[in-house]
>>> print(open('work_15.cif').read())   # mmCIF, C-alpha atoms and all ligand atoms
data_query
loop_
_atom_site.label_atom_id
_atom_site.label_comp_id
_atom_site.auth_asym_id
_atom_site.auth_seq_id
_atom_site.Cartn_x
_atom_site.Cartn_y
_atom_site.Cartn_z
CA MET A 20 0.00 0.00 0.00
CA ILE A 21 1.34 3.40 -1.00
CA ARG A 22 0.65 6.73 0.66
CA LYS A 23 1.71 10.27 -0.15
CA TYR A 24 2.26 12.95 2.49
CA ARG A 25 2.41 16.62 1.61
CA ALA A 26 3.70 19.20 4.05
CA GLY A 27 5.39 22.56 4.23
CA THR A 28 8.74 20.93 4.94
CA PHE A 29 10.14 17.42 4.89
CA SER A 30 10.48 17.53 8.68
CA GLU A 31 6.76 18.11 9.00
CA ALA A 32 6.02 15.33 6.50
CA PHE A 33 8.25 12.83 8.33
CA GLN A 34 6.73 13.88 11.64
CA ARG A 35 3.25 13.11 10.34
CA ILE A 36 4.34 9.83 8.83
CA LYS A 37 5.89 8.90 12.12
CA GLU A 38 2.69 9.70 13.97
CA ASP A 39 0.45 7.92 11.44
CA VAL A 40 2.39 4.83 10.57
CA GLY A 41 5.11 4.44 13.08
CA PRO A 42 8.36 2.66 12.30
CA ASP A 43 6.96 0.26 9.63
CA ALA A 44 6.76 2.87 6.86
CA VAL A 45 9.25 2.59 4.02
CA ILE A 46 9.98 5.77 2.15
CA LEU A 47 9.78 5.35 -1.61
CA ASN A 48 10.22 8.90 -2.79
CA GLN A 49 10.46 12.43 -1.52
CA GLN A 50 10.31 15.56 -3.60
CA GLU A 51 9.76 19.29 -3.47
CA LEU A 52 6.67 20.77 -5.15
CA PRO A 53 7.98 24.11 -6.45
CA ASN A 54 4.79 24.97 -8.34
CA SER A 55 2.53 24.57 -5.34
CA LYS A 56 0.90 27.77 -4.14
CA ASN A 57 -0.20 26.13 -0.88
CA PRO A 58 2.43 26.77 1.81
CA ASN A 59 1.40 23.53 3.55
CA GLU A 60 2.12 21.46 0.42
CA LYS A 61 5.61 22.40 -0.58
CA VAL A 62 7.04 18.87 -0.33
CA GLU A 63 5.73 15.39 -0.97
CA VAL A 64 6.89 12.10 0.61
CA THR A 65 5.72 8.76 -0.77
CA ILE A 66 5.76 5.78 1.52
CA THR A 67 4.75 2.15 1.37
CA LEU A 68 3.51 0.09 4.22
CA ASP A 69 4.65 -3.16 2.60
CA ASP A 70 7.56 -4.60 4.41
CA ILE A 71 9.68 -5.17 1.36
CA ALA A 72 10.45 -2.61 -1.25
CA GLU A 73 11.19 -4.26 -4.58
CA THR A 74 13.67 -1.54 -5.46
CA PRO A 75 15.12 1.10 -3.26
CA PRO A 76 13.69 4.57 -3.78
CA PRO A 77 15.65 6.66 -6.26
CA PRO A 78 18.04 9.00 -4.57
CA THR A 79 16.61 12.52 -4.27
CA LYS A 80 18.64 15.50 -5.24
CA THR A 81 19.00 19.22 -5.08
CA SER A 82 16.80 20.55 -2.27
CA LYS A 83 18.33 21.61 0.93
CA ASP A 84 16.09 19.39 2.94
CA THR A 85 16.83 16.45 0.78
CA GLN A 86 20.52 17.15 1.01
CA SER A 87 20.28 17.27 4.72
CA ILE A 88 18.40 14.02 4.74
CA GLY A 89 21.10 12.46 2.50
CA THR A 90 23.83 13.67 4.80
CA TYR A 91 22.09 12.32 7.77
CA ASN A 92 21.51 9.13 6.07
CA HIS A 93 25.10 8.49 5.13
CA LYS A 94 26.44 9.64 8.43
CA GLY A 95 23.93 7.48 10.19
CA THR A 96 23.01 10.30 12.57
CA LYS A 97 20.07 9.47 14.75
CA THR A 98 16.96 11.43 13.83
CA GLY A 99 13.45 10.24 14.07
CA ASP A 100 12.73 11.38 10.50
CA LEU A 101 15.50 9.35 8.92
CA ARG A 102 14.59 6.11 10.61
CA HIS A 103 12.41 5.06 7.70
CA THR A 104 15.07 5.55 5.08
CA ILE A 105 17.53 3.73 7.25
CA LYS A 106 14.95 1.05 7.88
CA HIS A 107 14.35 0.65 4.14
CA ASP A 108 18.08 0.18 3.47
CA LYS A 109 18.27 -2.20 6.35
CA VAL A 110 15.41 -4.34 5.03
CA VAL A 111 17.10 -4.60 1.65
CA GLN A 112 20.40 -5.41 3.30
CA ASP A 113 18.78 -7.95 5.56
CA ARG A 114 17.13 -9.61 2.60
CA LEU A 115 20.42 -9.69 0.74
CA ALA A 116 22.15 -11.06 3.79
CA ILE A 117 19.54 -13.80 4.12
CA HIS A 118 19.86 -14.58 0.43
CA MET A 119 23.65 -14.74 0.69
CA GLU A 120 23.39 -16.91 3.75
CA ASP A 121 21.08 -19.31 1.91
CA MET A 122 23.50 -19.46 -0.98
CA LEU A 123 26.43 -20.07 1.32
CA THR A 124 24.52 -22.83 3.08
CA GLU A 125 23.72 -24.38 -0.30
CA VAL A 126 27.36 -24.16 -1.43
CA LYS A 127 28.50 -25.70 1.86
CA LYS A 128 25.98 -28.52 1.46
CA LEU A 129 27.13 -29.20 -2.10
CA ARG A 130 30.76 -29.21 -1.02
CA GLU A 131 29.99 -31.68 1.74
CA GLU A 132 28.02 -33.90 -0.64
CA PHE A 133 30.85 -33.80 -3.17
CA ALA A 134 33.41 -34.70 -0.48
CA ALA A 135 31.20 -37.58 0.69
CA THR A 136 30.78 -38.87 -2.88
CA ARG A 137 34.51 -38.72 -3.41
CA ILE A 138 35.14 -40.70 -0.24
CA ASP A 139 32.52 -43.26 -1.33
CA PHE A 140 34.21 -43.53 -4.69
CA LEU A 141 37.62 -44.11 -3.13
CA GLU A 142 36.08 -46.55 -0.67
CA GLY A 143 34.51 -48.35 -3.61
CA ILE A 144 37.89 -48.93 -5.22
CA ARG A 145 39.34 -50.04 -1.92
CA VAL A 146 36.44 -52.40 -1.39
CA VAL A 147 37.13 -54.13 -4.70
CA ARG A 148 40.78 -54.62 -3.77
CA SER A 149 40.36 -55.59 -0.20
CA SER A 150 36.98 -57.25 -0.39
CA ILE A 151 38.59 -60.64 -0.98
CA PRO A 152 37.81 -62.40 2.28
CA LYS A 153 41.00 -63.39 4.06
CA GLU A 154 40.38 -67.11 3.53
CA PHE A 155 40.68 -66.60 -0.25
CA ARG A 156 43.78 -64.43 -0.26
CA PHE A 157 46.22 -67.33 -0.51
CA ILE A 158 44.57 -68.62 -3.67
CA SER A 159 44.36 -65.17 -5.18
CA GLU A 160 48.11 -64.83 -4.66
CA ILE A 161 48.82 -68.20 -6.28
CA LEU A 162 46.80 -67.28 -9.37
CA HIS A 163 48.48 -63.88 -9.69
CA ARG A 164 51.90 -65.44 -9.26
CA ASN A 165 51.11 -67.93 -12.00
CA GLY A 166 50.54 -65.15 -14.49
CA LEU A 167 46.76 -64.94 -14.70
CA PRO A 168 45.42 -61.49 -15.55
CA ALA A 169 43.87 -59.53 -12.64
CA GLN A 170 40.39 -59.52 -14.16
CA THR A 171 40.48 -63.30 -14.67
CA VAL A 172 41.55 -63.79 -11.06
CA GLN A 173 38.64 -61.60 -9.86
CA ASP A 174 36.17 -63.61 -11.94
CA LEU A 175 37.55 -66.93 -10.72
CA LEU A 176 37.45 -65.79 -7.08
CA ALA A 177 33.89 -64.56 -7.41
CA GLU A 178 32.85 -67.96 -8.73
CA VAL A 179 34.70 -69.89 -6.03
CA MET A 180 33.32 -67.67 -3.25
CA LEU A 181 29.83 -68.68 -4.30
CA LEU A 182 30.85 -72.33 -4.05
CA CYS A 183 32.41 -71.87 -0.62
CA PRO A 184 29.91 -70.52 1.92
CA VAL A 185 31.22 -69.02 5.15
CA ASP A 186 31.18 -72.34 7.02
CA SER A 187 33.25 -74.20 4.40
CA ARG A 188 36.28 -72.10 3.74
CA GLU A 189 39.13 -74.43 4.64
CA GLU A 190 42.16 -74.11 2.37
CA THR A 191 41.84 -77.60 0.87
CA HIS A 192 38.17 -77.09 0.07
CA ILE A 193 38.80 -73.70 -1.53
CA LYS A 194 41.62 -75.19 -3.60
CA GLU A 195 39.46 -78.10 -4.74
CA GLN A 196 36.68 -75.76 -5.81
CA MET A 197 39.12 -73.49 -7.61
CA LYS A 198 40.57 -76.47 -9.44
CA LYS A 199 37.08 -77.37 -10.69
CA VAL A 200 36.33 -73.79 -11.74
CA LEU A 201 39.66 -73.54 -13.56
CA ALA A 202 39.19 -76.91 -15.27
CA ASN A 203 35.80 -75.77 -16.52
CA ARG A 204 37.31 -72.76 -18.19
CA ILE A 205 40.32 -74.36 -19.84
CA SER A 206 39.75 -74.72 -23.54
CA ILE A 207 40.78 -78.10 -24.95
CA ALA A 208 40.62 -79.27 -28.57
CA SER A 209 38.77 -82.44 -29.42
CA ARG A 210 41.06 -85.48 -29.70
CA PRO A 211 42.30 -86.27 -33.21
CA ARG A 212 40.55 -89.22 -34.84
CA LEU A 213 42.29 -91.56 -37.23
CA ARG A 214 40.12 -92.79 -40.05
CA LYS A 215 40.22 -95.38 -42.77
CA GLY A 216 41.02 -94.54 -46.40
CA ARG A 217 42.73 -91.15 -45.81
CA PRO A 218 45.48 -90.08 -43.42
CA LEU A 219 44.82 -87.57 -40.64
CA THR A 220 47.05 -84.59 -41.51
CA GLN A 221 48.45 -82.36 -38.76
CA MET A 222 50.50 -79.29 -39.68
CA PHE A 223 52.75 -77.54 -37.13
CA ILE A 224 53.58 -73.86 -37.46
CA GLY A 225 55.11 -71.30 -35.11
CA PRO A 226 58.06 -69.04 -34.31
CA ALA A 227 61.63 -70.22 -34.79
CA GLY A 228 62.83 -72.50 -32.02
CA ALA A 229 59.36 -72.89 -30.50
CA GLY A 230 59.68 -76.66 -30.55
CA LYS A 231 57.79 -77.71 -33.73
CA SER A 232 60.24 -80.42 -34.83
CA GLY A 233 60.54 -81.63 -31.25
CA VAL A 234 56.74 -81.97 -30.95
CA ILE A 235 56.60 -83.90 -34.23
CA SER A 236 59.28 -86.38 -33.21
CA LYS A 237 57.65 -86.81 -29.78
CA LEU A 238 54.21 -87.43 -31.35
CA ALA A 239 55.65 -89.80 -33.94
CA GLY A 240 57.54 -91.65 -31.22
CA ARG A 241 54.42 -91.85 -29.06
CA ALA A 242 52.34 -93.20 -31.97
CA THR A 243 54.84 -95.93 -32.78
CA MET A 244 55.15 -96.84 -29.11
CA THR A 245 51.39 -97.30 -28.88
CA GLY A 246 51.34 -99.56 -31.93
CA ASN A 247 50.55 -97.18 -34.79
CA THR A 248 53.49 -97.58 -37.09
CA ASN A 249 51.70 -96.45 -40.22
CA ILE A 250 52.75 -92.83 -39.92
CA ALA A 251 54.84 -90.37 -41.91
CA ILE A 252 56.59 -87.08 -41.36
CA VAL A 253 56.64 -84.46 -44.12
CA THR A 254 59.02 -81.57 -43.77
CA THR A 255 58.78 -78.34 -45.70
CA ASP A 256 61.78 -76.96 -43.81
CA CYS A 257 64.35 -77.70 -46.50
CA CYS A 258 66.32 -74.44 -46.64
CA ARG A 259 67.69 -74.27 -43.11
CA MET A 260 71.09 -75.97 -42.79
CA GLY A 261 70.83 -79.39 -41.20
CA ALA A 262 67.05 -79.28 -40.67
CA VAL A 263 66.29 -82.20 -43.01
CA GLU A 264 69.27 -84.19 -41.77
CA GLN A 265 68.16 -83.79 -38.19
CA MET A 266 64.67 -85.07 -38.97
CA GLU A 267 66.14 -87.82 -41.13
CA ALA A 268 68.21 -89.08 -38.21
CA PHE A 269 65.11 -89.30 -36.08
CA ALA A 270 63.02 -90.95 -38.83
CA ILE A 271 65.59 -93.67 -39.33
CA ALA A 272 65.89 -94.30 -35.61
CA ALA A 273 62.11 -94.44 -35.13
CA ASP A 274 61.50 -96.27 -38.38
CA VAL A 275 59.12 -93.62 -39.65
CA THR A 276 58.65 -92.56 -43.31
CA LEU A 277 60.07 -89.10 -44.03
CA GLU A 278 59.33 -86.93 -47.06
CA ALA A 279 60.82 -83.51 -47.79
CA ILE A 280 58.94 -81.00 -49.97
CA ASN A 281 60.72 -77.96 -51.39
CA SER A 282 57.68 -76.18 -52.75
CA PRO A 283 53.88 -76.41 -52.74
CA GLU A 284 54.05 -77.83 -56.28
CA GLY A 285 55.60 -81.03 -54.87
CA VAL A 286 52.65 -81.62 -52.50
CA PRO A 287 50.30 -83.73 -54.70
CA GLU A 288 52.99 -86.22 -55.68
CA VAL A 289 54.22 -86.72 -52.11
CA PHE A 290 50.73 -87.04 -50.63
CA GLU A 291 49.82 -89.53 -53.31
CA ARG A 292 52.64 -91.70 -52.01
CA LEU A 293 51.37 -91.25 -48.43
CA ARG A 294 47.76 -92.10 -49.31
CA ASP A 295 47.67 -95.23 -47.16
CA LYS A 296 49.21 -93.73 -44.05
CA SER A 297 46.97 -93.22 -41.05
CA LEU A 298 48.78 -90.12 -39.70
CA VAL A 299 50.93 -87.51 -41.47
CA LEU A 300 52.80 -84.92 -39.38
CA ILE A 301 53.90 -81.83 -41.33
CA ASP A 302 56.86 -79.78 -40.13
CA THR A 303 57.40 -76.20 -41.27
CA ALA A 304 60.26 -73.74 -41.02
CA GLY A 305 60.28 -71.21 -38.22
CA ARG A 306 61.01 -67.70 -39.46
CA SER A 307 60.58 -64.13 -38.29
CA LEU A 308 57.00 -63.07 -37.72
CA LYS A 309 57.63 -59.93 -39.72
CA ASN A 310 58.69 -61.88 -42.78
CA GLU A 311 55.92 -61.57 -45.36
CA GLU A 312 57.53 -64.13 -47.69
CA TYR A 313 57.30 -66.64 -44.88
CA GLU A 314 53.59 -65.97 -44.47
CA GLU A 315 53.10 -66.48 -48.20
CA GLU A 316 55.09 -69.71 -48.09
CA ILE A 317 53.09 -71.15 -45.18
CA ASN A 318 49.84 -70.09 -46.84
CA ALA A 319 50.85 -71.72 -50.12
CA PHE A 320 51.71 -75.02 -48.34
CA TYR A 321 48.44 -74.82 -46.41
CA GLU A 322 46.42 -74.36 -49.59
CA ALA A 323 48.24 -77.23 -51.29
CA ILE A 324 47.96 -79.67 -48.38
CA ARG A 325 44.69 -78.56 -46.77
CA PRO A 326 45.62 -80.22 -43.48
CA ASP A 327 42.94 -81.39 -41.06
CA GLU A 328 44.56 -79.58 -38.15
CA VAL A 329 46.96 -76.63 -37.91
CA HIS A 330 48.79 -76.53 -34.56
CA LEU A 331 50.41 -73.29 -33.51
CA VAL A 332 53.45 -74.17 -31.41
CA LEU A 333 54.42 -71.58 -28.77
CA PRO A 334 56.87 -71.71 -25.88
CA LEU A 335 55.09 -71.15 -22.57
CA ASN A 336 58.02 -69.13 -21.28
CA MET A 337 57.45 -66.44 -23.91
CA ARG A 338 56.27 -63.06 -22.57
CA ASP A 339 52.53 -62.43 -22.65
CA ARG A 340 52.63 -59.63 -25.19
CA ASP A 341 54.87 -61.62 -27.53
CA LEU A 342 52.51 -64.56 -27.21
CA GLU A 343 49.56 -62.36 -28.13
CA LYS A 344 51.39 -60.97 -31.14
CA ALA A 345 52.35 -64.43 -32.32
CA VAL A 346 48.77 -65.66 -32.09
CA GLU A 347 47.52 -62.63 -33.99
CA VAL A 348 49.87 -63.44 -36.85
CA TYR A 349 49.47 -67.22 -36.85
CA ALA A 350 45.72 -67.21 -36.36
CA ALA A 351 45.64 -65.50 -39.75
CA LEU A 352 47.58 -68.50 -41.05
CA LYS A 353 44.65 -70.74 -40.14
CA ALA A 354 45.98 -72.02 -36.81
CA ASN A 355 43.13 -73.86 -35.08
CA ARG A 356 45.00 -75.52 -32.19
CA ILE A 357 47.63 -74.26 -29.75
CA ILE A 358 50.51 -76.35 -28.44
CA PHE A 359 52.55 -74.96 -25.58
CA THR A 360 56.10 -76.23 -25.25
CA LYS A 361 58.69 -75.65 -22.52
CA GLN A 362 56.12 -75.91 -19.76
CA ASP A 363 58.98 -77.35 -17.67
CA GLU A 364 60.89 -74.07 -18.10
CA SER A 365 58.03 -71.73 -17.37
CA CYS A 366 57.20 -70.36 -13.94
CA GLU A 367 54.08 -68.52 -15.12
CA PRO A 368 51.74 -70.99 -16.80
CA GLY A 369 48.77 -68.55 -16.82
CA ALA A 370 48.77 -68.37 -20.63
CA LEU A 371 47.52 -71.97 -20.68
CA LEU A 372 44.20 -70.51 -19.56
CA TRP A 373 43.95 -66.98 -20.89
CA LEU A 374 45.51 -67.28 -24.35
CA PRO A 375 43.18 -69.99 -25.77
CA LEU A 376 40.21 -68.17 -24.24
CA LYS A 377 41.21 -64.81 -25.62
CA PHE A 378 41.73 -66.07 -29.17
CA GLU A 379 39.18 -68.87 -29.05
CA ILE A 380 41.76 -71.42 -30.17
CA PRO A 381 41.80 -74.56 -28.02
CA LEU A 382 44.84 -76.38 -26.65
CA SER A 383 45.97 -79.69 -28.11
CA TYR A 384 49.34 -80.75 -26.62
CA ILE A 385 51.83 -79.54 -24.06
CA GLY A 386 55.56 -80.15 -24.28
CA ASN A 387 57.16 -80.45 -20.89
CA GLY A 388 60.81 -81.30 -21.44
CA GLN A 389 63.50 -82.18 -23.96
CA GLY A 390 63.13 -85.94 -23.64
CA PRO A 391 61.28 -87.98 -26.30
CA ASP A 392 58.42 -88.71 -23.89
CA ASN A 393 57.98 -85.14 -22.71
CA ILE A 394 54.62 -84.41 -24.32
CA VAL A 395 51.09 -84.71 -22.98
CA SER A 396 47.68 -84.24 -24.52
CA ALA A 397 46.16 -81.13 -22.97
CA GLU A 398 44.03 -82.16 -20.00
CA LYS A 399 41.85 -79.77 -18.04
CA GLU A 400 42.60 -81.25 -14.62
CA ILE A 401 46.38 -81.39 -15.12
CA ILE A 402 46.50 -77.79 -16.35
CA ALA A 403 44.29 -76.65 -13.45
CA GLU A 404 46.77 -78.29 -11.06
CA TRP A 405 49.70 -76.47 -12.68
CA LEU A 406 47.84 -73.19 -12.33
CA LEU A 407 47.43 -73.83 -8.61
CA LYS A 408 51.02 -74.80 -7.82
N1 LIG A 501 62.92 -77.64 -21.95
C1 LIG A 501 62.29 -77.87 -23.09
N2 LIG A 501 62.90 -77.66 -24.24
C2 LIG A 501 62.23 -77.90 -25.39
C3 LIG A 501 60.89 -78.33 -25.38
N3 LIG A 501 60.50 -78.45 -26.67
C4 LIG A 501 61.55 -78.10 -27.43
N4 LIG A 501 62.60 -77.78 -26.67
C5 LIG A 501 63.91 -77.37 -27.10
O1 LIG A 501 63.81 -76.21 -27.89
C6 LIG A 501 64.81 -76.18 -28.90
C7 LIG A 501 64.16 -75.96 -30.25
O2 LIG A 501 63.35 -77.06 -30.55
P1 LIG A 501 62.91 -77.40 -32.05
O3 LIG A 501 61.98 -78.53 -31.96
O4 LIG A 501 64.11 -77.55 -32.91
O5 LIG A 501 62.18 -76.08 -32.42
P2 LIG A 501 61.59 -75.71 -33.87
O6 LIG A 501 60.35 -74.93 -33.64
O7 LIG A 501 61.48 -76.88 -34.72
O8 LIG A 501 62.72 -74.72 -34.38
P3 LIG A 501 62.91 -74.23 -35.89
O9 LIG A 501 62.76 -75.41 -36.78
O10 LIG A 501 64.31 -73.69 -35.90
O11 LIG A 501 61.93 -73.20 -36.12
C8 LIG A 501 65.52 -77.53 -28.80
O12 LIG A 501 66.70 -77.34 -28.08
C9 LIG A 501 64.58 -78.38 -28.00
O13 LIG A 501 65.22 -79.38 -27.26
C10 LIG A 501 60.25 -78.52 -24.11
O14 LIG A 501 59.09 -78.87 -24.00
N5 LIG A 501 60.99 -78.28 -22.99
MG MG A 502 62.26 -77.33 -36.63
#
>>> encode(input="work_15.cif", output="structure tokens")
Amino acid sequence: MIRKYRAGTFSEAFQRIKEDVGPDAVILNQQELPNSKNPNEKVEVTITLDDIAETPPPPTKTSKDTQSIGTYNHKGTKTGDLRHTIKHDKVVQDRLAIHMEDMLTEVKKLREEFAATRIDFLEGIRVVRSSIPKEFRFISEILHRNGLPAQTVQDLLAEVMLLCPVDSREETHIKEQMKKVLANRISIASRPRLRKGRPLTQMFIGPAGAGKSGVISKLAGRATMTGNTNIAIVTTDCCRMGAVEQMEAFAIAADVTLEAINSPEGVPEVFERLRDKSLVLIDTAGRSLKNEEYEEEINAFYEAIRPDEVHLVLPLNMRDRDLEKAVEVYAALKANRIIFTKQDESCEPGALLWLPLKFEIPLSYIGNGQGPDNIVSAEKEIIAEWLLK
């Protein structure tokens, strides 16, 4: 509600306002009325009785009275007439102060919430790391030590924890359950089947020195020992000095047929001769992975022979990243089985689990020494035991 007071002087107007309204009045405007003929209406003061003025009244100028009011106001001198102006400023200030206080409270609250969220987040990470119940820590350490990736270990632990409720967490029980879980995950190739009328053909490829020729002589030896003497070895590794001679020495000793093929063109003739064999093991040369000619050569032999199985031979003591790189290259060369050699020399057998899973190429054999008998068909339980040693 707005009211206007006219008086001869501002002092009179303020006096009347004070008498009428008391301290609640808020002065909106005050001005002189120079054109007024009435001596009792020389000034006009506009007030509002609402508590809050949306905007402060515009500052008044020029007149002596007004000046004096302004001076008073700024100096804060106590006069009954100025109380309203002071009160108006104070209301605005109070409002602003309350507003600022609200904002500060809000900012404080947000800061606290942010700090709490950050702590939760950090706690969350810590929980993941330290949430392995103490009974399972020993097995977690074994798996890490054996070269299994952290994520795989977490997954395995989660599965085993479900199988081992709180009242059955003895070390032997946990280990047994882990062995089962591991065995379930290990990827093994189906066993090769000999058939009548056509030989089973197994080709062996892989990096230089991986153990390809060794695997072939071990498998040939094992076959003859178990009564299958109708086998042959074909070697395409004819360029490397002494490679053929080395295989020849073995073939003579084991009484196994050996054929050497210089180029893919020689394949039909040789395989015609081997038509009645039950098993043909094909050796290849090991060359640098970056050698494109080598890739072409292996591809050309593959196309000419069309073997039933292509075994990628890799040493288990190779570093993880090198293993991955090798599989990337050789998978393109149609490898569909993985053989790990040098298991006896490796102290981190984790790749036996993660590599076949990652590339979806199952395991066939594992070489575990330099002796002629040091080869085993990949078995889930045996590998699971190695991973838990
Ligand atoms: N300790 C151990 N040594 C092995 C194993 N397999 C192969 N070796 C050794 O690794 C070396 C290379 O074996 P090879 O069979 O000649 O390897 P390769 O892949 O035919 O080699 P290239 O024909 O040159 O590409 C030899 O000294 C083998 O005795 C194994 O399982 N354990
Ligand atoms: Mg060789």
>>> closest_residue(input="work_15.cif", among="A:Cys257, A:Ala270, A:Leu175, A:Ala134", to="ligand MG 502 (chain A)", atoms="only C-alpha atoms and all ligand atoms")
A:Cys257
>>> closest_residue(input="work_15.cif", among="A:Arg241, A:Arg292, A:His330, A:Lys215", to="Val253 (chain A)", atoms="only C-alpha atoms")
A:Arg292
>>> residues_near_ligand(input="work_15.cif", ligand="ligand LIG 501 (chain A)", cutoff="9 Å", atoms="all atoms listed in the file", output="compact mmCIF listing (two decimals) with C-alpha atoms, in the coordinates of the input")
# COMPACT_ATOMS: atom_id res chain seq x y z
CA PHE A 223 52.75 -77.54 -37.13
CA ILE A 224 53.58 -73.86 -37.46
CA GLY A 225 55.11 -71.30 -35.11
CA PRO A 226 58.06 -69.04 -34.31
CA ALA A 227 61.63 -70.22 -34.79
CA GLY A 228 62.83 -72.50 -32.02
CA ALA A 229 59.36 -72.89 -30.50
CA GLY A 230 59.68 -76.66 -30.55
CA LYS A 231 57.79 -77.71 -33.73
CA SER A 232 60.24 -80.42 -34.83
CA GLY A 233 60.54 -81.63 -31.25
CA VAL A 234 56.74 -81.97 -30.95
CA ILE A 235 56.60 -83.90 -34.23
CA SER A 236 59.28 -86.38 -33.21
CA ASP A 256 61.78 -76.96 -43.81
CA ARG A 259 67.69 -74.27 -43.11
CA ALA A 262 67.05 -79.28 -40.67
CA ASP A 302 56.86 -79.78 -40.13
CA THR A 303 57.40 -76.20 -41.27
CA ALA A 304 60.26 -73.74 -41.02
CA GLY A 305 60.28 -71.21 -38.22
CA ARG A 306 61.01 -67.70 -39.46
CA VAL A 332 53.45 -74.17 -31.41
CA LEU A 333 54.42 -71.58 -28.77
CA PRO A 334 56.87 -71.71 -25.88
CA LEU A 335 55.09 -71.15 -22.57
CA PHE A 359 52.55 -74.96 -25.58
CA THR A 360 56.10 -76.23 -25.25
CA LYS A 361 58.69 -75.65 -22.52
CA GLN A 362 56.12 -75.91 -19.76
CA ASP A 363 58.98 -77.35 -17.67
CA GLU A 364 60.89 -74.07 -18.10
CA SER A 365 58.03 -71.73 -17.37
CA ILE A 385 51.83 -79.54 -24.06
CA GLY A 386 55.56 -80.15 -24.28
CA ASN A 387 57.16 -80.45 -20.89
CA GLY A 388 60.81 -81.30 -21.44
CA GLN A 389 63.50 -82.18 -23.96
CA GLY A 390 63.13 -85.94 -23.64
CA ASN A 393 57.98 -85.14 -22.71
CA ILE A 394 54.62 -84.41 -24.32
>>> closest_residue(input="work_15.cif", among="A:Val275, A:Gln265, A:Trp405, A:Lys109", to="ligand MG 502 (chain A)", atoms="all atoms listed in the file")
A:Gln265
>>> closest_residue(input="work_15.cif", among="A:Glu404, A:Asp174, A:Glu343, A:Asp108", to="Ile161 (chain A)", atoms="only C-alpha atoms")
A:Glu404
>>> atom_distance(input="work_15.cif", atom1="CA of Ala251 (chain A)", atom2="CA of Phe269 (chain A)")
11.9 Å
>>> closest_residue(input="work_15.cif", among="A:Leu167, A:Leu219, A:Val111, A:Ile357", to="Ser396 (chain A)", atoms="only C-alpha atoms")
A:Ile357
>>> axis_aligned_box(input="work_15.cif", around="region 375-393 of chain A", padding_each_side="5 Å", output="lines of an AutoDock Vina configuration file")
center_x = 51.3
center_y = -76.8
center_z = -25.5
size_x = 34.3
size_y = 33.9
size_z = 19.3
>>> atom_distance(input="work_15.cif", atom1="CA of Leu181 (chain A)", atom2="CA of Ala403 (chain A)")
18.9 Å
>>> residues_around(input="work_15.cif", residues="Ile280 (chain A)", least_positions_apart="6", cutoff="12 Å", atoms="only C-alpha atoms", output="PDB file with C-alpha atoms, in the frame of the given file")
ATOM      1  CA  ILE A 252      56.590 -87.080 -41.360  1.00  0.00           C
ATOM      2  CA  VAL A 253      56.640 -84.460 -44.120  1.00  0.00           C
ATOM      3  CA  THR A 254      59.020 -81.570 -43.770  1.00  0.00           C
ATOM      4  CA  THR A 255      58.780 -78.340 -45.700  1.00  0.00           C
ATOM      5  CA  ASP A 256      61.780 -76.960 -43.810  1.00  0.00           C
ATOM      6  CA  CYS A 257      64.350 -77.700 -46.500  1.00  0.00           C
ATOM      7  CA  CYS A 258      66.320 -74.440 -46.640  1.00  0.00           C
ATOM      8  CA  VAL A 263      66.290 -82.200 -43.010  1.00  0.00           C
ATOM      9  CA  VAL A 286      52.650 -81.620 -52.500  1.00  0.00           C
ATOM     10  CA  PRO A 287      50.300 -83.730 -54.700  1.00  0.00           C
ATOM     11  CA  GLU A 288      52.990 -86.220 -55.680  1.00  0.00           C
ATOM     12  CA  VAL A 289      54.220 -86.720 -52.110  1.00  0.00           C
ATOM     13  CA  PHE A 290      50.730 -87.040 -50.630  1.00  0.00           C
ATOM     14  CA  ILE A 301      53.900 -81.830 -41.330  1.00  0.00           C
ATOM     15  CA  ASP A 302      56.860 -79.780 -40.130  1.00  0.00           C
ATOM     16  CA  THR A 303      57.400 -76.200 -41.270  1.00  0.00           C
ATOM     17  CA  ALA A 304      60.260 -73.740 -41.020  1.00  0.00           C
ATOM     18  CA  PHE A 320      51.710 -75.020 -48.340  1.00  0.00           C
ATOM     19  CA  ALA A 323      48.240 -77.230 -51.290  1.00  0.00           C
ATOM     20  CA  ILE A 324      47.960 -79.670 -48.380  1.00  0.00           C
TER      21      ILE A 324
END
>>> atom_distance(input="work_15.cif", atom1="CA of Arg325 (chain A)", atom2="CA of Glu398 (chain A)")
27.0 Å
>>> residues_around(input="work_15.cif", residues="Val179 (chain A)", least_positions_apart="3", cutoff="9 Å", atoms="only C-alpha atoms", output="ChimeraX atom specification")
/A:155,174-176,182-183,193,196-197,200
>>> residues_near_point(input="work_15.cif", point="(11.4, 8.4, 3.1)", cutoff="7 Å", atoms="only C-alpha atoms", output="ChimeraX atom specification")
/A:45-49,64-66,103-104
>>> write_last_selection(input="work_15.cif", atoms="C-alpha atoms", output="compact mmCIF listing (two decimals), in the frame of the given file")
# COMPACT_ATOMS: atom_id res chain seq x y z
CA VAL A 45 9.25 2.59 4.02
CA ILE A 46 9.98 5.77 2.15
CA LEU A 47 9.78 5.35 -1.61
CA ASN A 48 10.22 8.90 -2.79
CA GLN A 49 10.46 12.43 -1.52
CA VAL A 64 6.89 12.10 0.61
CA THR A 65 5.72 8.76 -0.77
CA ILE A 66 5.76 5.78 1.52
CA HIS A 103 12.41 5.06 7.70
CA THR A 104 15.07 5.55 5.08
>>> closest_residue(input="work_15.cif", among="A:Glu31, A:Asp327, A:Glu264, A:Glu120", to="ligand MG 502 (chain A)", atoms="all atoms listed in the file")
A:Glu264
